[in-house]
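Text of model27.cif, listed as mmCIF, C-alpha atoms:
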data_start
loop_
_atom_site.label_atom_id
_atom_site.label_comp_id
_atom_site.auth_asym_id
_atom_site.auth_seq_id
_atom_site.Cartn_x
_atom_site.Cartn_y
_atom_site.Cartn_z
CA MET A 1 -5.17 -83.35 -46.77
CA ARG A 2 -5.18 -82.44 -50.43
CA LEU A 3 -6.91 -84.68 -52.97
CA LEU A 4 -7.30 -84.70 -56.74
CA VAL A 5 -10.50 -86.44 -57.85
CA ALA A 6 -11.39 -87.44 -61.43
CA CYS A 7 -15.12 -86.80 -61.93
CA GLU A 8 -17.01 -88.67 -64.64
CA ASP A 9 -20.10 -86.48 -65.17
CA SER A 10 -18.25 -83.22 -65.79
CA GLY A 11 -15.01 -84.71 -67.11
CA SER A 12 -13.07 -82.55 -64.66
CA ILE A 13 -10.43 -82.97 -61.97
CA LYS A 14 -11.55 -81.57 -58.62
CA GLU A 15 -9.17 -80.37 -55.96
CA VAL A 16 -10.31 -81.03 -52.39
CA LEU A 17 -8.65 -79.51 -49.33
CA CYS A 18 -9.95 -81.02 -46.10
CA GLU A 19 -9.02 -82.31 -42.67
CA LYS A 20 -9.65 -85.45 -40.71
CA GLY A 21 -13.22 -85.48 -39.50
CA SER A 22 -14.64 -83.60 -42.49
CA ASP A 23 -18.09 -84.89 -43.38
CA THR A 24 -20.36 -83.08 -45.84
CA SER A 25 -23.25 -85.44 -45.09
CA VAL A 26 -23.60 -83.94 -41.59
CA GLN A 27 -24.60 -80.28 -41.48
CA ASN A 28 -22.82 -79.40 -38.24
CA ALA A 29 -19.70 -81.48 -38.88
CA ARG A 30 -16.41 -80.11 -40.13
CA GLN A 31 -16.60 -79.14 -43.79
CA PRO A 32 -13.88 -79.11 -46.49
CA SER A 33 -11.85 -75.92 -46.54
CA PHE A 34 -11.66 -75.73 -50.32
CA VAL A 35 -13.15 -77.50 -53.36
CA ASP A 36 -12.30 -76.35 -56.89
CA GLN A 37 -12.72 -77.72 -60.41
CA HIS A 38 -10.01 -77.99 -63.08
CA LEU A 39 -9.82 -79.04 -66.73
CA SER A 40 -13.52 -79.72 -67.26
CA GLU A 41 -14.08 -81.22 -70.74
CA GLY A 42 -17.46 -82.97 -70.40
CA PHE A 43 -18.64 -86.55 -70.07
CA ARG A 44 -17.30 -87.81 -73.42
CA GLN A 45 -13.80 -86.61 -72.50
CA ARG A 46 -13.93 -87.75 -68.87
CA VAL A 47 -10.75 -88.75 -67.05
CA GLU A 48 -10.57 -92.52 -66.57
CA ILE A 49 -7.13 -92.90 -64.96
CA MET A 50 -4.72 -90.51 -63.24
CA THR A 51 -1.08 -91.46 -62.63
CA LEU A 52 1.21 -89.27 -60.54
CA LEU A 53 4.78 -88.99 -61.84
CA GLU A 54 7.95 -88.86 -59.79
CA GLY A 55 8.33 -85.61 -57.87
CA GLY A 56 4.59 -85.12 -57.42
CA ASN A 57 4.40 -82.01 -59.62
CA ARG A 58 3.10 -83.72 -62.78
CA LEU A 59 0.46 -86.29 -63.56
CA VAL A 60 -0.79 -88.16 -66.61
CA ALA A 61 -4.54 -88.08 -67.25
CA ALA A 62 -6.09 -90.71 -69.54
CA ARG A 63 -9.40 -89.54 -71.02
CA ALA A 64 -12.28 -91.53 -72.51
CA ASN A 65 -11.77 -90.08 -76.01
CA GLY A 66 -8.39 -91.80 -76.38
CA GLU A 67 -6.31 -88.81 -75.33
CA LEU A 68 -3.38 -88.88 -72.94
CA GLN A 69 -2.54 -85.58 -71.22
CA LEU A 70 0.56 -84.47 -69.33
CA VAL A 71 -0.65 -82.11 -66.60
CA LYS A 72 1.61 -79.84 -64.56
CA ILE A 73 0.66 -79.21 -60.92
CA SER A 74 1.76 -75.88 -59.47
CA GLU A 75 0.67 -73.39 -56.82
CA ASP A 76 -1.76 -70.69 -57.86
CA GLU A 77 -0.20 -67.54 -56.41
CA ASN A 78 -3.34 -65.51 -57.14
CA SER A 79 -5.58 -67.78 -55.09
CA ALA A 80 -6.79 -66.91 -51.60
CA ILE A 81 -8.45 -69.51 -49.38
CA LEU A 82 -10.50 -68.03 -46.54
CA THR A 83 -11.81 -69.58 -43.35
CA GLU A 84 -15.41 -69.25 -42.17
CA LYS A 85 -14.33 -66.22 -40.14
CA GLY A 86 -12.96 -64.55 -43.27
CA GLU A 87 -9.29 -65.00 -42.34
CA GLN A 88 -6.87 -65.79 -45.14
CA MET A 89 -5.17 -69.16 -44.80
CA ASP A 90 -1.45 -69.65 -45.24
CA ILE A 91 -1.96 -72.12 -48.08
CA LYS A 92 -2.51 -71.82 -51.82
CA ALA A 93 -4.75 -73.67 -54.23
CA LYS A 94 -3.24 -75.73 -57.02
CA LYS A 95 -3.20 -74.82 -60.68
CA LEU A 96 -3.40 -77.54 -63.35
CA ASN A 97 -2.05 -76.85 -66.83
CA ILE A 98 -1.91 -79.24 -69.79
CA GLU A 99 1.65 -79.29 -71.13
CA SER A 100 1.33 -81.98 -73.79
CA SER A 101 -1.15 -84.51 -75.15
CA LEU A 102 -1.38 -87.57 -77.41
CA GLU A 103 -4.50 -88.60 -79.32
CA GLY A 104 -5.67 -91.61 -81.33
CA LEU A 105 -4.62 -94.34 -78.91
CA PHE A 106 -7.83 -96.42 -79.23
CA ASN A 107 -8.97 -99.12 -81.65
CA GLU A 108 -12.78 -99.02 -81.75
CA ALA A 109 -13.01 -101.37 -84.76
CA LYS A 110 -11.48 -104.19 -82.74
CA MET A 111 -14.04 -103.72 -79.95
CA ILE A 112 -16.85 -104.68 -82.36
CA ASP A 113 -15.29 -108.12 -82.88
CA ILE A 114 -14.58 -108.48 -79.16
CA HIS A 115 -18.23 -107.77 -78.30
CA LYS A 116 -19.36 -110.84 -80.27
CA GLY A 117 -17.68 -113.15 -77.77
CA SER A 118 -18.38 -111.08 -74.66
CA LYS A 119 -20.97 -111.78 -71.97
CA LYS A 120 -21.70 -108.08 -71.65
CA ARG A 121 -25.05 -107.10 -73.14
CA SER A 122 -24.23 -103.52 -74.08
CA ARG A 123 -21.62 -102.81 -76.73
CA PRO A 124 -18.33 -101.97 -75.02
CA TYR A 125 -16.29 -98.98 -76.11
CA ASP A 126 -12.55 -98.80 -76.01
CA GLY A 127 -10.99 -97.22 -72.97
CA PHE A 128 -7.82 -97.12 -70.91
CA CYS A 129 -7.25 -100.01 -68.51
CA SER A 130 -3.76 -99.09 -67.32
CA VAL A 131 -1.29 -96.19 -67.31
CA SER A 132 1.82 -97.18 -65.33
CA VAL A 133 5.31 -95.85 -64.77
CA ALA A 134 7.84 -98.43 -66.01
CA HIS A 135 10.33 -98.33 -63.13
CA PRO A 136 13.33 -97.98 -63.24
CA LEU A 137 12.59 -96.19 -66.51
CA GLN A 138 11.04 -93.31 -64.61
CA ASN A 139 10.39 -91.25 -67.73
CA VAL A 140 8.72 -94.14 -69.63
CA LEU A 141 5.05 -95.09 -69.34
CA LEU A 142 3.21 -98.24 -70.36
CA CYS A 143 -0.29 -97.43 -71.55
CA ALA A 144 -2.82 -100.19 -72.36
CA THR A 145 -6.39 -100.08 -73.68
CA LYS A 146 -9.32 -102.50 -73.43
CA SER A 147 -9.02 -103.41 -77.10
CA GLY A 148 -5.48 -104.72 -76.61
CA MET A 149 -3.42 -101.75 -77.77
CA VAL A 150 -0.16 -101.34 -75.80
CA HIS A 151 1.74 -98.06 -76.14
CA VAL A 152 5.14 -97.11 -74.76
CA ILE A 153 5.19 -93.37 -73.97
CA GLU A 154 8.22 -91.30 -73.00
CA VAL A 155 8.02 -88.08 -71.00
CA LYS A 156 10.80 -85.86 -72.30
CA ASN A 157 11.19 -82.08 -72.13
CA ASP A 158 7.62 -81.71 -70.80
CA LYS A 159 6.23 -83.59 -73.80
CA LEU A 160 4.63 -86.97 -74.38
CA ILE A 161 6.41 -88.94 -77.12
CA LYS A 162 5.11 -92.28 -78.39
CA LEU A 163 8.05 -94.67 -78.75
CA ALA A 164 6.24 -97.82 -79.86
CA SER A 165 2.79 -99.36 -80.24
CA HIS A 166 1.87 -103.04 -80.14
CA GLU A 167 -1.30 -105.10 -80.30
CA VAL A 168 -2.08 -108.05 -78.04
CA LYS A 169 -5.11 -110.29 -77.66
CA GLY A 170 -8.10 -108.46 -76.19
CA PRO A 171 -10.13 -107.63 -74.29
CA LEU A 172 -7.93 -106.36 -71.48
CA ASP A 173 -9.01 -105.67 -67.92
CA PHE A 174 -5.48 -104.94 -66.72
CA ALA A 175 -1.88 -104.56 -67.85
CA GLN A 176 0.49 -104.80 -64.89
CA VAL A 177 4.10 -103.63 -65.21
CA TYR A 178 6.82 -105.69 -63.54
CA ASP A 179 8.97 -103.09 -61.76
CA LEU A 180 10.81 -105.27 -59.24
CA GLY A 181 13.83 -105.81 -61.50
CA ARG A 182 16.68 -103.53 -62.48
CA ASN A 183 17.00 -104.34 -66.15
CA SER A 184 16.55 -101.02 -67.94
CA LYS A 185 16.82 -102.55 -71.43
CA THR A 186 13.60 -104.56 -71.26
CA LEU A 187 10.07 -103.85 -70.12
CA THR A 188 8.07 -106.77 -68.72
CA PHE A 189 4.33 -106.71 -68.09
CA ALA A 190 1.37 -109.07 -67.67
CA TYR A 191 -2.14 -108.71 -69.05
CA GLY A 192 -5.48 -110.51 -69.09
CA GLY A 193 -9.24 -110.06 -69.30
CA GLU A 194 -12.55 -111.69 -70.18
CA GLU A 195 -11.82 -115.12 -71.72
CA ASN A 196 -8.21 -113.97 -71.92
CA LEU A 197 -5.78 -115.94 -69.74
CA VAL A 198 -2.89 -114.20 -68.00
CA LYS A 199 0.13 -113.72 -70.24
CA ILE A 200 3.54 -112.28 -69.43
CA CYS A 201 5.23 -110.33 -72.23
CA ARG A 202 8.56 -108.63 -72.69
CA LEU A 203 9.41 -105.58 -74.79
CA ILE A 204 12.97 -105.68 -76.14
CA SER A 205 15.11 -103.93 -78.79
CA ARG A 206 14.19 -100.44 -77.59
CA PHE A 207 10.54 -101.54 -77.17
CA SER A 208 10.20 -102.33 -80.87
CA LYS A 209 9.70 -106.08 -80.40
CA LEU A 210 7.13 -107.81 -78.18
CA GLU A 211 7.45 -111.46 -77.19
CA THR A 212 5.27 -113.63 -74.95
CA VAL A 213 7.40 -115.47 -72.39
CA TRP A 214 4.70 -117.20 -70.31
CA GLU A 215 0.99 -117.99 -70.51
CA ALA A 216 -1.29 -119.29 -67.76
CA LYS A 217 -3.52 -122.33 -68.02
CA ASN A 218 -7.09 -122.52 -66.79
CA VAL A 219 -7.95 -124.49 -63.66
CA LYS A 220 -9.57 -127.91 -63.98
CA ASN A 221 -13.29 -128.21 -64.61
CA ASP A 222 -15.74 -127.85 -61.75
CA ARG A 223 -17.60 -130.70 -60.02
CA LEU A 224 -20.12 -130.79 -62.89
CA ASP A 225 -17.24 -131.12 -65.37
CA LEU A 226 -17.98 -127.66 -66.75
CA LYS A 227 -15.35 -125.17 -67.82
CA VAL A 228 -14.53 -122.55 -65.19
CA PRO A 229 -15.06 -119.05 -66.67
CA ILE A 230 -11.89 -117.09 -67.45
CA TRP A 231 -11.94 -113.46 -66.37
CA PRO A 232 -8.88 -112.16 -64.48
CA THR A 233 -9.31 -108.51 -63.51
CA GLN A 234 -6.21 -107.64 -61.45
CA LEU A 235 -2.65 -108.90 -60.92
CA ARG A 236 0.21 -108.01 -58.57
CA PHE A 237 3.81 -109.23 -58.67
CA PHE A 238 5.87 -110.31 -55.64
CA GLU A 239 9.55 -110.97 -55.12
CA THR A 240 10.45 -114.56 -55.89
CA SER A 241 11.11 -117.03 -53.08
CA SER A 242 13.98 -118.63 -55.04
CA GLU A 243 17.62 -117.66 -54.68
CA ASN A 244 17.57 -115.71 -57.95
CA ASP A 245 17.60 -111.95 -57.65
CA ALA A 246 15.01 -109.82 -59.44
CA ARG A 247 17.14 -109.37 -62.56
CA LYS A 248 17.87 -113.10 -62.98
CA SER A 249 14.24 -113.93 -62.26
CA GLN A 250 13.20 -111.64 -65.08
CA GLU A 251 15.66 -113.30 -67.48
CA LYS A 252 14.74 -116.88 -66.47
CA CYS A 253 11.01 -116.17 -66.44
CA ASP A 254 10.80 -116.74 -62.69
CA PHE A 255 7.77 -114.77 -61.48
CA GLU A 256 5.40 -115.00 -58.55
CA PHE A 257 2.11 -113.15 -58.57
CA VAL A 258 -1.51 -113.18 -57.41
CA THR A 259 -4.65 -112.56 -59.45
CA LEU A 260 -8.26 -111.68 -58.74
CA THR A 261 -11.08 -112.72 -61.07
CA ARG A 262 -14.45 -111.20 -61.83
CA TYR A 263 -16.14 -114.06 -59.97
CA GLY A 264 -14.09 -113.64 -56.80
CA GLN A 265 -11.39 -116.29 -57.22
CA PHE A 266 -8.07 -115.43 -55.61
CA ARG A 267 -5.17 -117.29 -57.23
CA ILE A 268 -1.45 -117.62 -56.55
CA TYR A 269 0.96 -118.38 -59.41
CA LYS A 270 4.63 -119.37 -59.51
CA THR A 271 5.85 -119.66 -63.08
CA LEU A 272 8.65 -122.13 -62.21
CA HIS A 273 6.06 -124.58 -60.86
CA GLY A 274 3.85 -124.65 -63.94
CA ARG A 275 1.13 -122.76 -65.75
CA LYS A 276 -1.74 -123.54 -63.40
CA PRO A 277 -2.21 -121.70 -60.08
CA LEU A 278 -0.82 -123.19 -56.87
CA LEU A 279 -3.84 -121.90 -54.98
CA SER A 280 -7.34 -120.96 -56.13
CA LYS A 281 -9.93 -119.91 -53.54
CA SER A 282 -13.29 -118.18 -53.76
CA LEU A 283 -13.29 -115.07 -51.59
CA VAL A 284 -17.07 -114.67 -51.26
CA GLU A 285 -19.57 -117.08 -52.77
CA LYS A 286 -21.91 -115.89 -55.54
CA VAL A 287 -20.58 -112.32 -55.58
CA GLU A 288 -19.19 -110.46 -58.60
CA PHE A 289 -16.11 -108.35 -57.95
CA THR A 290 -15.10 -105.11 -59.62
CA PRO A 291 -11.57 -104.71 -61.04
CA GLN A 292 -10.40 -103.01 -57.84
CA MET A 293 -7.60 -104.57 -55.80
CA ALA A 294 -5.18 -102.75 -53.50
CA MET A 295 -2.33 -104.31 -51.55
CA CYS A 296 -1.71 -103.36 -47.92
CA HIS A 297 2.04 -103.36 -47.36
CA SER A 298 4.77 -100.91 -46.43
CA ALA A 299 6.93 -101.74 -49.49
CA ILE A 300 4.73 -100.95 -52.48
CA THR A 301 6.28 -99.96 -55.82
CA THR A 302 5.04 -97.20 -58.11
CA ALA A 303 3.14 -99.79 -60.17
CA GLY A 304 1.50 -101.36 -57.11
CA ASN A 305 3.70 -104.46 -56.81
CA ILE A 306 5.13 -105.67 -53.49
CA ARG A 307 8.81 -105.74 -52.58
CA ALA A 308 8.32 -108.76 -50.35
CA LYS A 309 7.92 -112.49 -50.67
CA LEU A 310 4.49 -113.98 -50.98
CA SER A 311 5.01 -116.12 -47.87
CA GLN A 312 5.18 -113.05 -45.63
CA GLU A 313 2.11 -111.69 -43.88
CA LEU A 314 0.19 -109.18 -45.93
CA SER A 315 -3.38 -108.28 -46.80
CA PHE A 316 -5.27 -106.84 -49.74
CA LEU A 317 -8.54 -105.03 -50.45
CA ALA A 318 -11.17 -106.06 -52.99
CA SER A 319 -14.59 -104.58 -53.74
CA ASP A 320 -17.70 -106.28 -55.07
CA SER A 321 -20.31 -104.97 -57.50
CA LYS A 322 -22.67 -103.93 -54.69
CA LYS A 323 -21.20 -101.75 -51.94
CA ASN A 324 -18.75 -103.87 -49.94
CA ILE A 325 -14.98 -103.40 -49.63
CA TYR A 326 -13.38 -106.50 -48.13
CA GLN A 327 -9.98 -106.99 -46.55
CA PHE A 328 -8.39 -110.44 -46.92
CA ASP A 329 -5.08 -111.95 -45.90
CA SER A 330 -2.71 -113.79 -48.26
CA ASN A 331 -4.60 -117.05 -47.60
CA ALA A 332 -7.89 -115.50 -48.78
CA ARG A 333 -9.32 -115.34 -45.24
CA LEU A 334 -11.69 -112.47 -44.56
CA LEU A 335 -10.28 -109.98 -42.04
CA GLY A 336 -13.12 -107.46 -42.13
CA LYS A 337 -14.94 -104.83 -44.16
CA ILE A 338 -13.81 -101.28 -44.82
CA GLY A 339 -16.43 -98.73 -43.74
CA ALA A 340 -19.14 -101.31 -43.15
CA GLY A 341 -22.52 -99.60 -43.47
CA ASP A 342 -21.13 -96.26 -44.64
CA VAL A 343 -20.65 -96.93 -48.37
CA THR A 344 -23.99 -96.89 -50.21
CA GLY A 345 -22.89 -97.50 -53.81
CA CYS A 346 -20.50 -99.64 -55.81
CA ALA A 347 -16.87 -98.61 -55.28
CA THR A 348 -15.39 -97.65 -58.64
CA PHE A 349 -12.00 -96.73 -57.16
CA VAL A 350 -10.08 -98.22 -54.23
CA SER A 351 -6.46 -97.46 -53.37
CA VAL A 352 -4.14 -97.58 -50.36
CA HIS A 353 -1.99 -94.53 -49.61
CA GLU A 354 1.33 -95.25 -47.87
CA ASN A 355 -0.15 -98.22 -45.98
CA LYS A 356 -2.06 -95.73 -43.84
CA TYR A 357 -5.22 -94.57 -45.60
CA VAL A 358 -7.74 -96.19 -47.93
CA LEU A 359 -9.00 -93.89 -50.70
CA GLU A 360 -12.45 -94.79 -52.01
CA GLY A 361 -14.91 -93.31 -54.48
CA GLY A 362 -17.90 -94.66 -56.29
CA LEU A 363 -21.42 -94.37 -57.61
CA ASP A 364 -22.78 -92.60 -54.53
CA ARG A 365 -20.70 -89.53 -55.52
CA TYR A 366 -18.70 -89.41 -52.30
CA VAL A 367 -14.96 -89.54 -51.76
CA ARG A 368 -14.05 -91.29 -48.53
CA ILE A 369 -10.81 -91.74 -46.65
CA PHE A 370 -10.62 -94.67 -44.25
CA ASP A 371 -8.04 -95.47 -41.60
CA LEU A 372 -6.49 -98.76 -42.68
CA LYS A 373 -5.93 -100.06 -39.14
CA THR A 374 -9.36 -99.28 -37.70
CA ARG A 375 -11.26 -99.52 -41.05
CA LYS A 376 -13.29 -96.48 -39.98
CA CYS A 377 -14.12 -93.47 -42.14
CA VAL A 378 -12.11 -90.37 -41.20
CA THR A 379 -13.14 -88.09 -44.10
CA LYS A 380 -16.23 -87.99 -46.30
CA VAL A 381 -16.71 -85.35 -49.01
CA TYR A 382 -19.55 -85.08 -51.52
CA ILE A 383 -18.16 -84.56 -55.04
CA GLY A 384 -21.39 -84.52 -57.05
CA SER A 385 -20.19 -87.01 -59.65
CA LYS A 386 -19.19 -90.62 -60.07
CA VAL A 387 -15.54 -90.98 -59.05
CA ASN A 388 -13.07 -92.62 -61.45
CA SER A 389 -9.74 -91.93 -59.79
CA VAL A 390 -8.33 -90.31 -56.62
CA ILE A 391 -4.81 -89.08 -55.84
CA MET A 392 -3.71 -87.87 -52.40
CA LEU A 393 -1.04 -85.22 -52.90
CA ASP A 394 -0.33 -84.88 -49.17
CA ASP A 395 -1.87 -85.75 -45.80
CA GLU A 396 -0.47 -82.79 -43.87
CA PRO A 397 -2.80 -80.85 -41.54
CA ILE A 398 -4.15 -77.54 -42.81
CA PRO A 399 -2.28 -74.52 -41.31
CA TYR A 400 -5.08 -72.29 -40.01
CA PRO A 401 -4.23 -68.66 -39.13
CA SER A 402 -5.81 -68.98 -35.66
CA ASP A 403 -6.76 -71.90 -33.46
CA GLY A 404 -8.79 -73.31 -36.32
CA PRO A 405 -12.42 -73.27 -37.33
CA GLU A 406 -15.02 -73.74 -34.64
CA TYR A 407 -17.71 -76.29 -35.33
CA SER A 408 -20.61 -76.84 -32.92
CA LYS A 409 -21.84 -80.41 -32.89
CA LYS A 410 -25.07 -79.43 -31.15
CA ARG A 411 -27.24 -76.41 -31.64
CA SER A 412 -27.67 -74.20 -28.56
CA VAL A 413 -31.19 -74.06 -27.17
CA ASN A 414 -32.42 -71.15 -24.99
CA LYS A 415 -33.90 -72.55 -21.78
CA LEU A 416 -36.80 -70.61 -20.15
CA THR A 417 -37.40 -70.20 -16.43
CA GLU A 418 -40.62 -71.50 -14.84
CA GLU A 419 -42.17 -68.00 -14.64
CA GLU A 420 -41.28 -67.25 -18.26
CA ASP A 421 -42.68 -70.62 -19.27
CA LYS A 422 -46.02 -69.94 -17.49
CA GLN A 423 -46.19 -66.44 -18.97
CA ASP A 424 -45.55 -67.83 -22.42
CA ASP A 425 -48.37 -70.38 -21.96
CA GLU A 426 -50.80 -67.66 -20.83
CA GLU A 427 -49.97 -65.50 -23.85
CA MET A 428 -50.51 -68.45 -26.16
CA TRP A 429 -53.91 -69.29 -24.60
CA GLY A 430 -54.90 -65.64 -24.81
CA ARG A 431 -54.18 -65.56 -28.53
CA LEU A 432 -56.17 -68.76 -29.04
CA GLN A 433 -59.20 -67.33 -27.18
CA ASP A 434 -59.11 -64.12 -29.23
CA ASN A 435 -59.04 -66.15 -32.42
CA ASP A 436 -61.98 -68.24 -31.19
CA LYS A 437 -64.06 -65.11 -30.40
CA LYS A 438 -63.40 -63.68 -33.85
CA ARG A 439 -64.42 -66.96 -35.44
CA ASN A 440 -67.76 -67.12 -33.49
CA LYS A 441 -68.68 -63.43 -33.95
CA PRO A 442 -71.96 -63.15 -35.99
CA ARG A 443 -71.63 -61.58 -39.40
CA THR A 444 -73.62 -58.38 -40.16
CA ALA A 445 -75.97 -58.46 -43.11
CA SER A 446 -74.73 -56.50 -46.08
CA THR A 447 -76.95 -53.62 -47.28
#
The structure in this file should be written as structure tokens.
Amino acid sequence: MRLLVACEDSGSIKEVLCEKGSDTSVQNARQPSFVDQHLSEGFRQRVEIMTLLEGGNRLVAARANGELQLVKISEDENSAILTEKGEQMDIKAKKLNIESSLEGLFNEAKMIDIHKGSKKRSRPYDGFCSVSVAHPLQNVLLCATKSGMVHVIEVKNDKLIKLASHEVKGPLDFAQVYDLGRNSKTLTFAYGGEENLVKICRLISRFSKLETVWEAKNVKNDRLDLKVPIWPTQLRFFETSSENDARKSQEKCDFEFVTLTRYGQFRIYKTLHGRKPLLSKSLVEKVEFTPQMAMCHSAITTAGNIRAKLSQELSFLASDSKKNIYQFDSNARLLGKIGAGDVTGCATFVSVHENKYVLEGGLDRYVRIFDLKTRKCVTKVYIGSKVNSVIMLDDEPIPYPSDGPEYSKKRSVNKLTEEEDKQDDEEMWGRLQDNDKKRNKPRTAST
């Protein structure tokens, strides 16, 4: 397995080469074969989001200083990875080079006004909330910030080119691209955040014009006739259950999607049936959820949407602000917990890789890989920093030059025979008696 991990403290991207069963928290367990650090720029320029582009040889890194970087991934021919026995492995480390960058994508002045109406005590700073590939426009990215800035970026000739910039109502917790259609002339996405209801927008006229085509409505007041707080944190689109295909659904504003709120409400929307959700359920009572939601399905798009109808069986992962990662079905029923008892800090990143592995990283400075079916941890590597993003480049086994590294789970202990044991006891008692005689020997008076 080869991972790329965005570390917050050092502002670097770490490359981890490991196998199933690797666990750095156990001294005698299998250890990672290789850990290296790339593109370290410090805490203020930390990487917030990493998005892998088509082909797997380039990624886009969004940093906390408002910079977007196009990074090329290639093999380092000068690298040599050795086993514990000193044998050279038939595998090379990766080399990360910055090919292009864009700066000045934030709007800090707007965050000051947003903070006045926020429930957060500390002043929020602008940051990236989404960097997505706008499929089928494979060379076009949609980049959104917390302040409400939406940028359309094109990757052309190994360069990042800003095509258009727009401003929507902030703050934003997410901006989800709709990539289930085939209309290459428009770009549809949804966004929302704290006291910011879900809205679906469309970019037309070569992304120069932005229009809002649908806006959600809040649920009815609670049993005390109080307003239910608005704070959607994640959204995922599904294929529509109507007879319209994806292209016609996009033109007629026929969308079906699910949302997750900060307070743990799971909601299902169908735009043809109105602006309020068809279903709204609390996943776990009195628990705050982080903006981490990952769908478990075999047909996942590059933006994380599902090429299936909402009525089909599926599940999703959601993490709370403590240490739990839950798995629910489409009816918001709890199926189980991922790595129950193993995670010790809030999960700041959760993702599903090819409906097989769960990638997790958080405040406890570990990167974990869980088996999605068994929900058990198969790999655990200490990174030494809070984890912001994880990408699995491949899950192939490591080609060792021999039978592989030998790891002893138990330390060997030399067992003594009865005669050797008695002789050892006699020698010990003899040393104790000699020490006792020296201690009781009278001291001679000094002249």
Exercise. Output the residue selection produced by the PyMOL selection byres ((chain A and resi 188-197) around 8) on the file above, formatted as a PyMOL selection string.
Key: chain A and resi 118+169-179+186-187+198-203+215-218+229-233+235+250
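Comparing the minimum interatomic distances between A:Thr261 and each of A:Lys14, A:Arg30, A:Arg431, A:Lys281, counting all atoms listed in the file, we find that A:Lys281 sits nearest.
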Give me, as JSON lines, the closest atom pair and its distance (Å, one decimal) for every residue of stretch 185-302 of chain A within a cut-off of 12 Å of stretch 339-355 of chain A, counting all atoms listed in the file, rows sorted by chain and rising number.
{"residue": "A:Glu288", "atom": "CA", "partner": "A:Cys346", "partner_atom": "CA", "distance": 11.3}
{"residue": "A:Phe289", "atom": "CA", "partner": "A:Cys346", "partner_atom": "CA", "distance": 10.0}
{"residue": "A:Thr290", "atom": "CA", "partner": "A:Thr348", "partner_atom": "CA", "distance": 7.5}
{"residue": "A:Pro291", "atom": "CA", "partner": "A:Thr348", "partner_atom": "CA", "distance": 8.4}
{"residue": "A:Gln292", "atom": "CA", "partner": "A:Val350", "partner_atom": "CA", "distance": 6.0}
{"residue": "A:Met293", "atom": "CA", "partner": "A:Val350", "partner_atom": "CA", "distance": 7.0}
{"residue": "A:Ala294", "atom": "CA", "partner": "A:Ser351", "partner_atom": "CA", "distance": 5.4}
{"residue": "A:Met295", "atom": "CA", "partner": "A:Val352", "partner_atom": "CA", "distance": 7.1}
{"residue": "A:Cys296", "atom": "CA", "partner": "A:Asn355", "partner_atom": "CA", "distance": 5.7}
{"residue": "A:His297", "atom": "CA", "partner": "A:Asn355", "partner_atom": "CA", "distance": 5.8}
{"residue": "A:Ser298", "atom": "CA", "partner": "A:Asn355", "partner_atom": "CA", "distance": 5.6}
{"residue": "A:Ala299", "atom": "CA", "partner": "A:Asn355", "partner_atom": "CA", "distance": 8.7}
{"residue": "A:Ile300", "atom": "CA", "partner": "A:Glu354", "partner_atom": "CA", "distance": 8.1}
{"residue": "A:Thr301", "atom": "CA", "partner": "A:Glu354", "partner_atom": "CA", "distance": 10.5}
{"residue": "A:Thr302", "atom": "CA", "partner": "A:Glu354", "partner_atom": "CA", "distance": 11.1}
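Atom to atom, atom CA of A:Lys146 and atom CA of A:Leu283 stand 25.5 Å apart.
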Proximity of stretch 371-405 of chain A to stretch 50-61 of chain A: per-residue shortest pair, 12 Å limit, all atoms listed in the file, as a tab-separated table:
residue	atom	partner	partner_atom	distance
A:Val387	CA	A:Met50	CA	11.6
A:Asn388	CA	A:Met50	CA	8.8
A:Ser389	CA	A:Met50	CA	6.3
A:Val390	CA	A:Met50	CA	7.5
A:Ile391	CA	A:Met50	CA	7.5
A:Met392	CA	A:Leu52	CA	9.6
A:Leu393	CA	A:Gly56	CA	7.2
A:Asp394	CA	A:Gly56	CA	9.6
Practice problem: For atom CA of A:Ala308 and atom CA of A:Gly181, determine how far apart the two atoms are, in Å to one decimal place. | Solution: 12.8 Å
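From atom CA of A:Leu17 back to atom CA of A:Leu3, the distance works out to 6.6 Å.
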Explicit residue set for the PyMOL selection byres ((chain A and resi 271) around 7), as a PDB file with C-alpha atoms, keeping the file's coordinate frame:
ATOM      1  CA  ASP A 254      10.800-116.740 -62.690  1.00  0.00           C
ATOM      2  CA  PHE A 255       7.770-114.770 -61.480  1.00  0.00           C
ATOM      3  CA  GLU A 256       5.400-115.000 -58.550  1.00  0.00           C
ATOM      4  CA  TYR A 269       0.960-118.380 -59.410  1.00  0.00           C
ATOM      5  CA  LYS A 270       4.630-119.370 -59.510  1.00  0.00           C
ATOM      6  CA  LEU A 272       8.650-122.130 -62.210  1.00  0.00           C
ATOM      7  CA  HIS A 273       6.060-124.580 -60.860  1.00  0.00           C
ATOM      8  CA  GLY A 274       3.850-124.650 -63.940  1.00  0.00           C
ATOM      9  CA  ARG A 275       1.130-122.760 -65.750  1.00  0.00           C
TER      10      ARG A 275
END
